[in-house]
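Data from structure.cif: mmCIF, C-alpha atoms and all ligand atoms
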data_input
#
loop_
_atom_site.label_atom_id
_atom_site.label_comp_id
_atom_site.auth_asym_id
_atom_site.auth_seq_id
_atom_site.Cartn_x
_atom_site.Cartn_y
_atom_site.Cartn_z
CA MET S 25 -4.73 -9.37 27.45
CA LYS S 26 -0.97 -9.76 28.00
CA THR S 27 1.20 -6.92 29.25
CA ILE S 28 4.15 -6.57 26.86
CA LEU S 29 7.44 -4.80 27.48
CA LEU S 30 9.72 -4.08 24.51
CA LYS S 31 13.20 -3.31 25.84
CA GLY S 32 16.08 -1.38 24.34
CA GLY S 33 14.78 -0.58 20.84
CA ARG S 34 15.15 2.66 18.92
CA ILE S 35 11.63 4.07 19.22
CA LEU S 36 10.85 6.26 16.22
CA ASP S 37 7.66 8.17 15.51
CA PRO S 38 8.00 10.91 12.89
CA SER S 39 4.53 12.31 13.71
CA GLN S 40 5.93 13.73 16.94
CA SER S 41 9.68 13.73 16.24
CA LEU S 42 10.10 10.93 18.77
CA ASP S 43 13.53 9.27 18.57
CA LEU S 44 14.52 7.50 21.77
CA VAL S 45 16.51 4.40 22.61
CA GLY S 46 14.48 2.85 25.38
CA ASP S 47 11.52 0.77 26.48
CA LEU S 48 7.87 0.65 25.55
CA LEU S 49 5.14 -0.84 27.73
CA ILE S 50 1.80 -2.13 26.44
CA GLU S 51 -1.07 -2.77 28.84
CA ASP S 52 -4.64 -3.71 27.91
CA GLY S 53 -3.86 -3.24 24.22
CA ARG S 54 -2.66 0.33 24.64
CA ILE S 55 0.69 2.05 24.97
CA SER S 56 1.02 2.86 28.65
CA ALA S 57 4.63 4.07 28.98
CA ILE S 58 7.61 5.09 26.83
CA ASP S 59 10.84 5.74 28.68
CA LYS S 60 14.61 5.20 28.73
CA SER S 61 14.15 2.34 31.15
CA ILE S 62 10.97 0.66 32.35
CA ASN S 63 10.75 -2.24 34.76
CA PHE S 64 7.38 -3.84 35.19
CA PRO S 65 6.56 -7.06 37.06
CA TYR S 66 4.56 -9.73 35.22
CA ALA S 67 5.13 -8.21 31.78
CA GLU S 68 6.18 -10.45 28.89
CA VAL S 69 9.57 -8.98 28.04
CA TYR S 70 11.23 -8.85 24.61
CA ASN S 71 14.72 -7.56 24.02
CA VAL S 72 14.48 -5.52 20.82
CA SER S 73 17.85 -3.78 21.06
CA GLY S 74 19.33 -3.07 17.64
CA CYS S 75 15.81 -2.87 16.19
CA ILE S 76 13.60 0.03 15.15
CA VAL S 77 10.28 0.25 17.01
CA CYS S 78 7.76 2.37 15.08
CA PRO S 79 4.06 2.78 14.30
CA SER S 80 2.90 -0.21 12.26
CA PHE S 81 2.31 0.31 8.55
CA VAL S 82 -0.87 1.09 6.64
CA ASP S 83 -1.31 -0.02 3.03
CA VAL S 84 -3.96 1.84 1.04
CA HIS S 85 -3.69 -0.51 -1.94
CA VAL S 86 -3.78 -4.32 -1.73
CA HIS S 87 -5.56 -7.06 -3.67
CA LEU S 88 -6.63 -9.94 -1.42
CA ARG S 89 -8.65 -11.67 -4.20
CA ASP S 90 -11.29 -12.73 -1.69
CA PRO S 91 -14.09 -13.40 -2.60
CA GLY S 92 -13.71 -15.20 -5.88
CA GLN S 93 -10.07 -15.80 -6.70
CA THR S 94 -8.77 -17.39 -3.54
CA TYR S 95 -6.34 -19.59 -5.48
CA LYS S 96 -4.21 -16.41 -5.81
CA GLU S 97 -4.67 -15.12 -2.23
CA ASP S 98 -7.34 -14.94 0.43
CA ILE S 99 -8.04 -12.81 3.44
CA GLU S 100 -6.09 -15.16 5.70
CA SER S 101 -2.95 -15.55 3.54
CA GLY S 102 -3.04 -11.84 2.65
CA SER S 103 -3.33 -10.88 6.32
CA ARG S 104 -0.36 -13.11 7.15
CA CYS S 105 1.71 -11.37 4.44
CA ALA S 106 0.59 -7.99 5.76
CA VAL S 107 1.73 -8.54 9.34
CA ALA S 108 4.98 -10.19 8.18
CA GLY S 109 5.56 -6.92 6.30
CA GLY S 110 4.80 -4.73 9.35
CA PHE S 111 1.27 -3.70 8.21
CA THR S 112 -1.70 -3.83 10.57
CA THR S 113 -4.17 -1.96 8.34
CA VAL S 114 -4.74 -2.71 4.68
CA LEU S 115 -7.32 -1.37 2.24
CA CYS S 116 -8.36 -4.16 -0.11
CA MET S 117 -9.36 -3.34 -3.66
CA PRO S 118 -12.81 -4.12 -5.02
CA ASN S 119 -11.80 -6.07 -8.15
CA THR S 120 -12.93 -9.27 -6.50
CA LYS S 121 -15.53 -11.71 -7.84
CA PRO S 122 -18.16 -10.45 -7.16
CA PRO S 123 -16.75 -6.92 -6.84
CA ILE S 124 -17.17 -4.92 -3.64
CA ASP S 125 -20.05 -2.91 -5.05
CA SER S 126 -22.60 -3.83 -2.40
CA PRO S 127 -22.72 -3.68 1.41
CA GLU S 128 -22.98 -7.49 1.51
CA VAL S 129 -19.55 -8.04 -0.05
CA ALA S 130 -18.00 -5.34 2.16
CA GLN S 131 -19.51 -7.03 5.22
CA TYR S 132 -18.22 -10.44 4.11
CA ILE S 133 -14.68 -9.00 4.03
CA LEU S 134 -15.00 -7.28 7.39
CA GLU S 135 -16.42 -10.36 9.06
CA LYS S 136 -13.93 -12.82 7.57
CA SER S 137 -10.96 -10.60 8.40
CA LYS S 138 -12.19 -10.26 11.99
CA LYS S 139 -12.41 -14.04 12.26
CA VAL S 140 -8.89 -14.39 10.81
CA GLY S 141 -7.83 -11.80 13.35
CA PHE S 142 -4.34 -10.76 12.22
CA CYS S 143 -4.91 -7.18 11.16
CA GLN S 144 -7.47 -4.58 10.18
CA VAL S 145 -8.74 -5.21 6.65
CA LEU S 146 -10.82 -2.34 5.29
CA PRO S 147 -12.80 -2.83 2.08
CA ALA S 148 -12.54 -0.24 -0.68
CA GLY S 149 -15.95 -0.07 -2.32
CA ALA S 150 -16.34 0.11 -6.08
CA LEU S 151 -17.10 3.52 -7.58
CA THR S 152 -19.44 2.05 -10.19
CA LYS S 153 -21.76 -0.94 -10.29
CA GLY S 154 -19.88 -4.02 -11.41
CA ARG S 155 -16.83 -1.72 -11.89
CA LYS S 156 -18.25 -1.15 -15.37
CA GLY S 157 -17.88 2.62 -15.31
CA GLN S 158 -21.50 3.32 -16.15
CA GLU S 159 -23.50 3.87 -12.97
CA LEU S 160 -22.30 5.01 -9.55
CA THR S 161 -22.70 2.59 -6.63
CA ASP S 162 -24.69 3.49 -3.52
CA PHE S 163 -21.96 5.52 -1.77
CA TYR S 164 -23.97 5.98 1.41
CA ALA S 165 -24.66 2.24 1.78
CA LEU S 166 -21.00 1.37 1.13
CA ARG S 167 -19.83 3.92 3.70
CA GLU S 168 -22.30 2.59 6.26
CA ALA S 169 -21.04 -0.93 5.53
CA GLY S 170 -17.49 0.13 6.44
CA CYS S 171 -15.81 1.31 3.22
CA PRO S 172 -13.65 4.41 3.87
CA ALA S 173 -12.74 4.80 0.18
CA LEU S 174 -14.09 4.03 -3.29
CA THR S 175 -12.31 3.06 -6.51
CA ASP S 176 -12.73 0.84 -9.57
CA ASP S 177 -9.03 -0.04 -9.37
CA GLY S 178 -7.73 -2.23 -12.14
CA ALA S 179 -9.96 -0.12 -14.37
CA PRO S 180 -10.09 3.68 -14.63
CA LEU S 181 -13.28 5.65 -14.20
CA MET S 182 -13.30 7.15 -17.69
CA ASP S 183 -16.59 9.06 -17.64
CA SER S 184 -15.79 12.64 -16.51
CA ARG S 185 -19.41 13.38 -15.64
CA LEU S 186 -19.54 10.37 -13.32
CA MET S 187 -16.22 11.34 -11.75
CA GLU S 188 -17.49 14.85 -11.09
CA MET S 189 -20.64 13.46 -9.49
CA ALA S 190 -18.57 10.98 -7.46
CA LEU S 191 -16.32 13.72 -6.09
CA LYS S 192 -19.28 15.90 -5.08
CA LEU S 193 -21.08 13.03 -3.40
CA ALA S 194 -17.99 11.68 -1.69
CA ARG S 195 -17.25 15.13 -0.32
CA GLN S 196 -20.64 15.24 1.40
CA LEU S 197 -20.14 11.74 2.80
CA ASP S 198 -16.48 12.25 3.74
CA LEU S 199 -15.34 9.37 1.52
CA LEU S 200 -12.04 9.20 -0.32
CA VAL S 201 -12.33 8.71 -4.08
CA MET S 202 -9.36 6.89 -5.61
CA ASN S 203 -8.72 6.36 -9.30
CA HIS S 204 -6.58 4.05 -11.39
CA CYS S 205 -5.51 6.72 -13.87
CA GLU S 206 -4.86 5.18 -17.28
CA ASP S 207 -7.07 6.19 -20.21
CA ASP S 208 -8.22 2.80 -21.43
CA ARG S 209 -8.01 3.69 -25.14
CA LEU S 210 -4.32 4.55 -24.70
CA SER S 211 -3.43 1.67 -22.42
CA MET S 212 -4.33 -1.42 -24.36
CA GLY S 213 -0.74 -2.72 -24.50
CA HIS S 214 1.43 -4.57 -22.02
CA ILE S 215 4.57 -2.60 -21.12
CA ASN S 216 5.77 1.00 -21.18
CA GLU S 217 5.96 2.82 -24.49
CA GLY S 218 9.67 3.08 -25.26
CA TYR S 219 12.81 1.32 -26.29
CA VAL S 220 11.93 -2.03 -24.70
CA SER S 221 8.47 -2.20 -26.30
CA SER S 222 10.08 -1.42 -29.68
CA LEU S 223 12.87 -3.93 -29.11
CA LEU S 224 10.43 -6.71 -28.24
CA GLY S 225 7.76 -5.56 -30.67
CA ILE S 226 5.15 -5.58 -27.92
CA ALA S 227 2.08 -3.33 -27.75
CA HIS S 228 2.66 -0.52 -25.26
CA ARG S 229 0.83 1.57 -22.70
CA SER S 230 1.73 5.21 -23.08
CA PRO S 231 2.47 7.58 -20.19
CA SER S 232 -0.05 9.95 -21.83
CA ALA S 233 -2.73 7.46 -20.76
CA GLU S 234 -1.84 8.21 -17.14
CA ASP S 235 -1.13 11.92 -17.52
CA ILE S 236 -4.48 12.68 -19.17
CA LEU S 237 -6.56 11.13 -16.42
CA VAL S 238 -4.38 12.53 -13.63
CA ALA S 239 -4.87 16.01 -15.10
CA ARG S 240 -8.61 15.49 -15.49
CA ASP S 241 -9.02 14.22 -11.93
CA CYS S 242 -6.94 17.08 -10.50
CA ILE S 243 -9.09 19.59 -12.41
CA LEU S 244 -12.31 18.01 -11.18
CA SER S 245 -11.00 17.89 -7.62
CA TYR S 246 -9.96 21.55 -7.86
CA HIS S 247 -13.43 22.63 -8.96
CA THR S 248 -15.53 20.34 -6.75
CA LYS S 249 -13.20 20.42 -3.70
CA GLY S 250 -13.79 16.66 -3.53
CA LYS S 251 -10.81 14.61 -2.38
CA ILE S 252 -9.14 12.55 -5.11
CA HIS S 253 -6.40 10.03 -4.48
CA ILE S 254 -4.30 9.04 -7.50
CA GLN S 255 -3.35 5.38 -7.28
CA HIS S 256 0.08 4.01 -8.22
CA ILE S 257 1.43 7.20 -9.83
CA SER S 258 4.29 6.39 -12.17
CA SER S 259 5.05 9.10 -14.72
CA LYS S 260 7.10 12.30 -14.60
CA LEU S 261 4.37 14.51 -15.99
CA SER S 262 1.77 13.05 -13.63
CA VAL S 263 3.76 14.02 -10.53
CA GLU S 264 4.31 17.49 -11.99
CA ILE S 265 0.54 17.83 -12.49
CA VAL S 266 -0.20 16.66 -8.93
CA ARG S 267 2.44 19.03 -7.54
CA SER S 268 0.94 22.03 -9.33
CA PHE S 269 -2.63 21.22 -8.27
CA LYS S 270 -1.52 20.73 -4.66
CA GLU S 271 0.02 24.21 -4.87
CA LYS S 272 -3.37 25.52 -6.04
CA GLY S 273 -4.98 23.97 -2.94
CA ALA S 274 -6.84 21.11 -4.65
CA PRO S 275 -7.44 18.21 -2.21
CA VAL S 276 -5.33 15.80 -4.25
CA SER S 277 -3.18 13.00 -2.86
CA CYS S 278 -1.22 10.21 -4.47
CA GLU S 279 0.59 6.98 -3.70
CA VAL S 280 3.56 5.26 -5.30
CA ASN S 281 4.33 1.56 -5.59
CA PRO S 282 7.89 0.61 -4.40
CA TYR S 283 8.53 -1.15 -7.72
CA HIS S 284 8.07 2.11 -9.63
CA LEU S 285 10.64 3.70 -7.29
CA LEU S 286 13.31 1.04 -7.77
CA PHE S 287 12.77 -0.56 -11.19
CA GLU S 288 12.71 0.68 -14.77
CA GLU S 289 11.19 -0.63 -17.99
CA GLU S 290 14.30 -2.74 -18.81
CA GLU S 291 13.40 -5.00 -15.88
CA VAL S 292 11.03 -6.97 -18.15
CA LEU S 293 14.10 -8.08 -20.14
CA SER S 294 15.41 -10.02 -17.13
CA SER S 295 12.28 -10.70 -15.05
CA GLY S 296 9.81 -11.21 -17.92
CA SER S 297 6.15 -11.12 -16.97
CA ASN S 298 6.97 -10.87 -13.24
CA ALA S 299 7.86 -7.26 -14.07
CA LYS S 300 4.57 -6.62 -15.86
CA VAL S 301 2.34 -4.23 -13.92
CA ASN S 302 -0.27 -1.57 -14.64
CA PRO S 303 0.72 1.20 -14.92
CA PRO S 304 3.96 -0.20 -16.32
CA LEU S 305 7.52 0.24 -15.07
CA ARG S 306 8.73 3.35 -16.82
CA LYS S 307 11.93 5.15 -17.81
CA GLU S 308 14.84 6.45 -15.73
CA GLU S 309 13.54 10.03 -16.02
CA ASP S 310 10.14 8.98 -14.66
CA ARG S 311 11.73 7.10 -11.76
CA MET S 312 13.93 10.11 -10.94
CA ALA S 313 10.85 12.36 -10.93
CA LEU S 314 9.09 9.97 -8.56
CA LEU S 315 12.04 10.04 -6.18
CA GLU S 316 12.05 13.85 -6.26
CA ALA S 317 8.29 13.88 -5.60
CA LEU S 318 8.77 11.49 -2.69
CA LYS S 319 11.31 13.86 -1.17
CA ASP S 320 9.32 17.07 -1.60
CA GLY S 321 6.00 15.70 -0.33
CA THR S 322 4.15 15.62 -3.66
CA ILE S 323 3.74 11.88 -3.13
CA ASP S 324 1.78 11.25 0.05
CA CYS S 325 2.49 7.62 0.74
CA ILE S 326 3.99 4.33 -0.36
CA ALA S 327 1.39 1.65 -1.18
CA THR S 328 2.30 -1.85 -2.29
CA ASP S 329 -0.44 -2.62 -4.86
CA HIS S 330 0.10 -6.22 -3.67
CA ALA S 331 -1.36 -8.01 -6.70
CA PRO S 332 -1.00 -11.80 -6.47
CA HIS S 333 -1.42 -13.98 -9.55
CA ALA S 334 -0.94 -17.72 -10.03
CA LYS S 335 2.08 -19.03 -11.97
CA ARG S 336 -0.10 -20.11 -14.89
CA GLU S 337 -1.37 -16.52 -15.19
CA LYS S 338 2.18 -15.20 -15.58
CA GLY S 339 3.07 -16.68 -18.96
CA SER S 340 4.30 -14.49 -21.81
CA LEU S 341 4.45 -10.70 -21.51
CA GLU S 342 1.43 -10.44 -23.80
CA SER S 343 -0.75 -12.99 -22.02
CA ALA S 344 0.27 -12.41 -18.38
CA MET S 345 -1.97 -10.71 -15.84
CA PRO S 346 -0.35 -7.48 -14.59
CA GLY S 347 0.81 -7.06 -11.01
CA MET S 348 3.32 -8.07 -8.35
CA ILE S 349 3.10 -9.21 -4.75
CA GLY S 350 4.59 -6.63 -2.41
CA LEU S 351 3.45 -6.73 1.22
CA GLN S 352 6.55 -8.52 2.53
CA THR S 353 9.00 -6.59 0.36
CA ALA S 354 7.84 -2.98 0.92
CA LEU S 355 10.03 -2.38 3.96
CA PRO S 356 13.30 -3.74 2.48
CA MET S 357 12.59 -1.83 -0.74
CA GLY S 358 11.99 1.36 1.23
CA LEU S 359 15.15 0.79 3.23
CA GLU S 360 17.05 0.61 -0.05
CA LEU S 361 16.01 4.24 -0.62
CA VAL S 362 17.19 5.13 2.89
CA ARG S 363 20.56 3.48 2.26
CA LYS S 364 20.85 5.42 -1.02
CA GLU S 365 20.05 8.59 0.97
CA VAL S 366 17.01 9.41 -1.16
CA ILE S 367 14.88 9.68 1.99
CA THR S 368 15.56 9.47 5.71
CA LEU S 369 14.41 6.55 7.85
CA GLU S 370 11.90 8.88 9.55
CA LYS S 371 10.44 9.85 6.18
CA LEU S 372 10.13 6.20 5.18
CA ILE S 373 8.17 5.45 8.36
CA TYR S 374 6.00 8.51 7.68
CA LEU S 375 5.27 7.31 4.13
CA LEU S 376 4.44 3.76 5.23
CA SER S 377 2.51 4.59 8.37
CA ILE S 378 1.55 8.08 9.52
CA SER S 379 0.60 9.53 6.14
CA PRO S 380 -1.51 6.62 4.78
CA ALA S 381 -3.20 6.37 8.20
CA LYS S 382 -4.29 10.00 7.83
CA LEU S 383 -5.72 9.28 4.38
CA LEU S 384 -7.91 6.51 5.77
CA GLY S 385 -8.66 8.24 9.06
CA VAL S 386 -7.11 5.51 11.20
CA GLU S 387 -5.04 6.14 14.34
CA ARG S 388 -1.27 5.73 14.30
CA GLY S 389 1.43 7.02 16.61
CA ILE S 390 3.52 5.94 19.58
CA LYS S 391 1.68 7.95 22.23
CA ARG S 392 0.51 7.00 25.69
CA GLY S 393 -3.13 5.94 25.49
CA ASN S 394 -3.04 5.04 21.79
CA PHE S 395 -3.75 1.47 20.68
CA ALA S 396 -0.44 -0.37 20.40
CA ASN S 397 -0.02 -0.70 16.63
CA ILE S 398 3.68 -1.34 16.39
CA ALA S 399 6.24 -2.71 13.93
CA VAL S 400 9.67 -3.84 15.12
CA PHE S 401 12.26 -4.30 12.41
CA SER S 402 15.93 -4.85 11.79
CA MET S 403 17.54 -2.51 9.25
CA ASP S 404 20.32 -4.96 8.34
CA GLU S 405 19.03 -8.50 8.56
CA GLU S 406 19.32 -10.19 5.19
CA TRP S 407 16.82 -12.74 3.95
CA VAL S 408 15.77 -14.39 0.73
CA LEU S 409 12.20 -14.26 -0.60
CA ASP S 410 11.53 -17.91 -1.46
CA GLU S 411 9.17 -20.81 -0.72
CA LYS S 412 10.26 -20.82 2.92
CA THR S 413 9.75 -17.13 3.68
CA ASN S 414 6.93 -16.13 1.31
CA LEU S 415 3.52 -16.17 2.98
CA SER S 416 1.51 -15.27 -0.10
CA LYS S 417 -0.20 -17.96 -2.17
CA SER S 418 1.50 -16.38 -5.19
CA GLN S 419 5.12 -15.77 -6.17
CA ASN S 420 4.88 -13.07 -8.85
CA THR S 421 7.62 -10.57 -8.18
CA PRO S 422 10.97 -9.71 -9.81
CA LEU S 423 12.37 -10.07 -6.27
CA TRP S 424 11.68 -13.81 -6.12
CA GLY S 425 14.84 -15.63 -4.96
CA LYS S 426 16.66 -12.35 -4.33
CA THR S 427 18.40 -11.37 -1.08
CA LEU S 428 16.66 -8.49 0.66
CA LYS S 429 18.05 -6.33 3.44
CA GLY S 430 15.85 -5.28 6.36
CA ARG S 431 13.23 -7.46 7.98
CA VAL S 432 10.20 -7.13 10.20
CA ARG S 433 10.80 -9.04 13.45
CA MET S 434 7.57 -8.36 15.33
CA THR S 435 4.19 -6.81 14.56
CA ILE S 436 1.69 -5.82 17.21
CA TRP S 437 -1.96 -5.09 16.37
CA GLU S 438 -4.00 -3.35 19.05
CA GLY S 439 -1.75 -4.80 21.74
CA ARG S 440 -1.63 -8.37 20.38
CA ILE S 441 1.53 -9.86 18.90
CA VAL S 442 0.37 -10.99 15.44
CA TYR S 443 3.80 -11.73 13.97
CA ASN S 444 6.97 -12.56 15.86
CA CYS S 445 10.44 -13.93 15.41
CA ILE S 446 11.95 -12.61 18.65
CA ASN S 447 12.42 -14.91 21.66
CA LYS S 448 10.92 -13.92 24.99
CA GLY S 449 13.24 -12.67 27.72
CA ALA S 450 15.33 -9.62 28.53
O1 LIG Z 1 -0.86 -4.36 -12.18
C1 LIG Z 1 -1.97 -4.25 -11.67
N1 LIG Z 1 -2.61 -5.32 -11.16
N2 LIG Z 1 -2.55 -3.06 -11.61
C2 LIG Z 1 -3.81 -2.89 -11.19
O2 LIG Z 1 -4.29 -1.79 -11.12
C3 LIG Z 1 -4.64 -4.08 -10.85
C4 LIG Z 1 -3.78 -5.17 -10.38
C5 LIG Z 1 -4.48 -6.48 -10.23
O3 LIG Z 1 -5.61 -6.51 -9.75
O4 LIG Z 1 -3.88 -7.51 -10.54
#
Rewrite the coordinates I just gave you, this time as structure tokens.
Amino acid sequence: MKTILLKGGRILDPSQSLDLVGDLLIEDGRISAIDKSINFPYAEVYNVSGCIVCPSFVDVHVHLRDPGQTYKEDIESGSRCAVAGGFTTVLCMPNTKPPIDSPEVAQYILEKSKKVGFCQVLPAGALTKGRKGQELTDFYALREAGCPALTDDGAPLMDSRLMEMALKLARQLDLLVMNHCEDDRLSMGHINEGYVSSLLGIAHRSPSAEDILVARDCILSYHTKGKIHIQHISSKLSVEIVRSFKEKGAPVSCEVNPYHLLFEEEEVLSSGSNAKVNPPLRKEEDRMALLEALKDGTIDCIATDHAPHAKREKGSLESAMPGMIGLQTALPMGLELVRKEVITLEKLIYLLSISPAKLLGVERGIKRGNFANIAVFSMDEEWVLDEKTNLSKSQNTPLWGKTLKGRVRMTIWEGRIVYNCINKGA
């Protein structure tokens, strides 16, 4: 394995308040030295001055559509997007065809992603057989097959008795239960309930749909002490509920999608179905509450909910599949919040890397002896998301064709350079 020397970057690791302009040496896949100046014969040297060097990112919510819908994405194209976005661990959702409700499908994902070899792809097992919400899957078998978390994402687990059983069982097996919180009887529409849905006369999804299930899951987690992770939180009341249950000591965590942090319901007026997502983009007051919750630690991490769909599946607002691609845009979107002084750069790195890594129990951190899982990025480089730069098989995002600021320049996974646009040489 090559010895790699990154020279002159700003090395940032919020897990240990590390902030140093200097060099980082990687030998045999691991970080072997961090110092102001390192000289090492035979190392492959990269000048990363002007760049941030930080722990690579972890995404607890991606859809790789493999097996079954590989015309939208597959493990290889999704892995390429991940590393181009600075991620070296992604948790892929089980709404595949067939769903990840058996050890065989989980093993297929693990084996294929190893063969592809760009990053760590972890399968999220389904909570219920066929994701039908009626019978729990074999949690033990899914854990043994390599699933660190379980969810029926795309669909909520509506049955409270099953959710209670799931939390108790998952607690014994040290599994993370995640839920897509939208009561399905209240979320049969297409966009947020509000002025835009009235203006367009389109059936809506109400924030109550989310709030009700978030409250129920927090209550069940409080009583069972089973860990619950709320996926793509988007409403004001939901973050208030999570905040209050965290204060009571319930083992609740939650993630937010960058689009919910930066866009509001009006976006569908200009971006059409590319701005359709479940849960939907909401109102200014919801977005403000999310930003506040990001600052005060109520929200644990940023997760992309990378949800590729083909062009033909993104027709009218009513007919379109919900979701947006997001692996390559998460960093520039996060940096927008840093520029607006909503969060610090250190906090952004924490939300994209250290905190989601803790949720999944994977190692992150720029420490001697740790595996070298590193992202190198420029804060200021501008680029356009278009046919040339997009590595996904799909193009569904309101950011298509837009200029983004901040770009990953190199990603290292366990000591191997898996994405690079920096020339060799000091
Ligand atoms: O907008 C969404 N799309 N939300 C989900 O929960 C599922 C996802 C998908 O699979 O396309």
Using only C-alpha atoms - which residues lie no farther than 12 Å from the point (5.4, 18.4, -2.9) in the file's frame? Write them as an NGL selection string. :S and (263-273 or 276-278 or 313-325)
Nearest candidate to ligand LIG 1 (chain Z) (options S:Phe81, S:Tyr283, S:Phe401, S:Tyr374; using only C-alpha atoms and all ligand atoms): S:Tyr283
Given a cut-off of 6 Å, what residues near ligand LIG 1 (chain Z) show up using all atoms listed in the file, put as a count of residues only? 7
With all atoms listed in the file as the atoms that count, which of S:Asn444, S:Ser41, S:Asn420, S:Ser126 lies nearest to His333 of chain S? S:Asn420
Within 10 Å of (6.4, -17.4, -11.9), all atoms listed in the file: residues as a PyMOL selection string? chain S and resi 295-298+333-339+418-422+424
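Distances to Val69 of chain S were evaluated for S:Leu42, S:Ile215, S:Leu224, S:Leu29 using all atoms listed in the file, and the minimum falls at S:Leu29.
For segment 429-443 of chain S, the non-local neighbours within 7 Å, defined as residues at least 4 positions apart in the same chain or in other chains and counting only C-alpha atoms, are Ile50, Asp52, Gly53, Arg54, Val107, Ala108, Gly109, Gly110, Thr112, Phe142, Cys143, Leu355, Pro356, Leu359, Phe395, Ala396, Asn397, Ile398, Ala399, Val400, Phe401, Ser402, Met403, Asp404, Glu405, Glu406 and Trp407 of chain S.
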Contact residues around segment 180-182 of chain S with all atoms listed in the file at 8 Å, ignoring same-chain residues under 4 positions, as a PyMOL selection string: chain S and resi 151+157+176+186-187+203-208+237
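Atom pair atom CA of Val114 of chain S / atom CA of Gly102 of chain S: separated by 9.5 Å.
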Find the residues around Gly141 of chain S up to 9 Å (all atoms listed in the file counted), leave out those fewer than 3 positions away in its own chain, and share them as a ChimeraX atom specification. /S:100,103,136-138,144,442
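Nearest residue to Asp241 of chain S, choosing from S:Arg229, S:Lys417, S:Arg185, S:Arg195 and counting all atoms listed in the file: S:Arg185.
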When distances are computed from all atoms listed in the file, which of S:Gly170, S:Gly225, S:Gly154, S:Gly385 shows the smallest separation from Gln131 of chain S? S:Gly170
Filtering to C-alpha atoms, could segment 269-300 of chain S of the supplied structure be written out as a PDB file, in the first residue's frame?
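Below you can see selection_33.pdb, which holds the result:
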ATOM      1  CA  PHE S 269     -37.484  13.914  24.836  1.00  0.00           C
ATOM      2  CA  LYS S 270     -33.701  14.258  24.659  1.00  0.00           C
ATOM      3  CA  GLU S 271     -33.958  16.425  27.785  1.00  0.00           C
ATOM      4  CA  LYS S 272     -35.891  13.597  29.456  1.00  0.00           C
ATOM      5  CA  GLY S 273     -33.026  11.211  28.610  1.00  0.00           C
ATOM      6  CA  ALA S 274     -34.769   9.182  25.894  1.00  0.00           C
ATOM      7  CA  PRO S 275     -32.214   7.644  23.481  1.00  0.00           C
ATOM      8  CA  VAL S 276     -33.557   9.597  20.508  1.00  0.00           C
ATOM      9  CA  SER S 277     -31.500  10.915  17.604  1.00  0.00           C
ATOM     10  CA  CYS S 278     -32.404  12.587  14.342  1.00  0.00           C
ATOM     11  CA  GLU S 279     -30.982  13.612  11.000  1.00  0.00           C
ATOM     12  CA  VAL S 280     -31.788  16.447   8.621  1.00  0.00           C
ATOM     13  CA  ASN S 281     -31.553  16.559   4.843  1.00  0.00           C
ATOM     14  CA  PRO S 282     -29.597  19.614   3.494  1.00  0.00           C
ATOM     15  CA  TYR S 283     -32.533  20.492   1.230  1.00  0.00           C
ATOM     16  CA  HIS S 284     -34.812  20.986   4.243  1.00  0.00           C
ATOM     17  CA  LEU S 285     -32.188  23.350   5.686  1.00  0.00           C
ATOM     18  CA  LEU S 286     -31.871  25.529   2.591  1.00  0.00           C
ATOM     19  CA  PHE S 287     -35.147  25.313   0.658  1.00  0.00           C
ATOM     20  CA  GLU S 288     -38.781  26.112   1.411  1.00  0.00           C
ATOM     21  CA  GLU S 289     -42.091  24.960  -0.055  1.00  0.00           C
ATOM     22  CA  GLU S 290     -42.065  27.730  -2.730  1.00  0.00           C
ATOM     23  CA  GLU S 291     -39.159  25.928  -4.404  1.00  0.00           C
ATOM     24  CA  VAL S 292     -41.645  23.674  -6.245  1.00  0.00           C
ATOM     25  CA  LEU S 293     -42.869  26.783  -8.098  1.00  0.00           C
ATOM     26  CA  SER S 294     -39.485  27.172  -9.804  1.00  0.00           C
ATOM     27  CA  SER S 295     -38.004  23.646  -9.686  1.00  0.00           C
ATOM     28  CA  GLY S 296     -41.231  21.673 -10.162  1.00  0.00           C
ATOM     29  CA  SER S 297     -41.029  17.975  -9.361  1.00  0.00           C
ATOM     30  CA  ASN S 298     -37.254  18.169  -8.759  1.00  0.00           C
ATOM     31  CA  ALA S 299     -38.251  19.832  -5.480  1.00  0.00           C
ATOM     32  CA  LYS S 300     -40.711  17.084  -4.562  1.00  0.00           C
TER      33      LYS S 300
END
